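Comments concern the structure below.
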Amino acid sequence: DIPGGIDDGMTLRMTGEGHAGKHNSGDLYITCHVDQSHENLVRDGNNIHTVLHISPAEAVLGINKKIKFPLIGEREVRIASGTQHGKKIQISGDGMPLLGKKWRGDLIITLEILIPGKISKELKKLYSELLEEEKN
């Protein structure tokens, strides 16, 4: 069994599982190679980092978003109104297990505000009105 929380490069010793010797069997040493990322999740020690893209409207107004993460499952994330690009949201206990412990690391979500490359005429009009309002 590979224990939860094992990290890349760690070695497991399997006592008595090696070649037979004169008096007993030797030990088998297994060096583990663990992929440090999966889709949009990146491991950093026991924490898992990810990026969540939000719209300018979601950043300004705030929103509760349900997000499905691979391996972790669905989580509801509260994005406060006035959220700035690069803000980090930390969810305790949703990271990797600490080797030999019951605790887990954290899930750290970095918010990135996506500016649309193409916008409709209606959306362009709304942004123009907003810009005029900001000038006043």
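Labeling convention for the structure tokens: chains A, B, ... as they appear, residues from 1 per chain, ligands from 1 in order of appearance.
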
**Study point:** Spatial neighbours of A:Asp94, max dist 8 Å, only C-alpha atoms, sep filter under 2 positions, as an NGL selection string
**Key:** :A and (48 or 72 or 91-92 or 96 or 104-107)

Check your understanding: How would you write, as a PyMOL selection string, the set of residues in stretch 7-125 of chain A that DSSP gives as helix (DSSP H, G or I)?
Key -> chain A and resi 56-61+121-125

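The coordinates place atom CA of A:Gly45 at 25.5 Å from atom CA of A:Lys66.
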
**Study point:** Top pick for closest residue to A:Thr110, considering A:Leu126, A:Ile67, A:Leu52, A:Ala80 and counting only C-alpha atoms
**Key:** A:Leu52

Practice item. Go through A:Leu61, A:Leu114, A:Leu131, A:Ile108 and flag the residue nearest A:Asn40, using only C-alpha atoms for the distances. Key: A:Ile108

Practice item. Please identify all polymer residues within 7 Å of A:Gly18, counting only C-alpha atoms, omitting same-chain residues fewer than 6 positions from it, and present them as a list of chain:residue names. Key: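 Surrounding residues, per the criterion: A:Ser25, A:Gly26, A:Asp27, A:Leu28.
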
Practice item. With a distance cut-off of 9 Å and only C-alpha atoms, select the neighbouring residues of A:Thr11, excluding the residue or stretch itself and same-chain residues fewer than 3 positions from it, and output the selection as a list in words. Key: Asp8, Tyr29, Ile30, Thr31 and Cys32 of chain A

Generate the output file for the selected residues, N, CA and C atoms, as an mmCIF file, in the first residue's frame.
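Below is the file result10.cif, written as the result:
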```cif
data_model
loop_
_atom_site.group_PDB
_atom_site.id
_atom_site.type_symbol
_atom_site.label_atom_id
_atom_site.label_comp_id
_atom_site.auth_asym_id
_atom_site.auth_seq_id
_atom_site.Cartn_x
_atom_site.Cartn_y
_atom_site.Cartn_z
ATOM 1 N N ASP A 8 7.020 13.081 -4.338
ATOM 2 C CA ASP A 8 7.954 12.653 -5.362
ATOM 3 C C ASP A 8 9.352 12.459 -4.764
ATOM 4 N N TYR A 29 13.413 -1.690 -1.622
ATOM 5 C CA TYR A 29 13.258 -0.238 -1.550
ATOM 6 C C TYR A 29 12.594 0.248 -2.832
ATOM 7 N N ILE A 30 11.528 1.006 -2.673
ATOM 8 C CA ILE A 30 10.772 1.525 -3.813
ATOM 9 C C ILE A 30 10.814 3.043 -3.761
ATOM 10 N N THR A 31 11.370 3.661 -4.801
ATOM 11 C CA THR A 31 11.379 5.118 -4.902
ATOM 12 C C THR A 31 10.162 5.535 -5.716
ATOM 13 N N CYS A 32 9.359 6.414 -5.149
ATOM 14 C CA CYS A 32 8.105 6.830 -5.780
ATOM 15 C C CYS A 32 8.310 8.078 -6.634
#
```

Study note, to complete from the structure: If you count only C-alpha atoms, the residue of A:Val60, A:Leu123, A:Leu99, A:Ile115 closest to A:Met10 turns out to be A:Leu99

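Between atom CA of A:Ile79 and atom CA of A:Thr50 lies a distance of 15.0 Å.
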
Point to revise | Computed interatomic separation between atom CA of A:Glu112 and atom CA of A:Gly82 (Å) | key: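 That distance, rounded to one decimal, is 13.0 Å.
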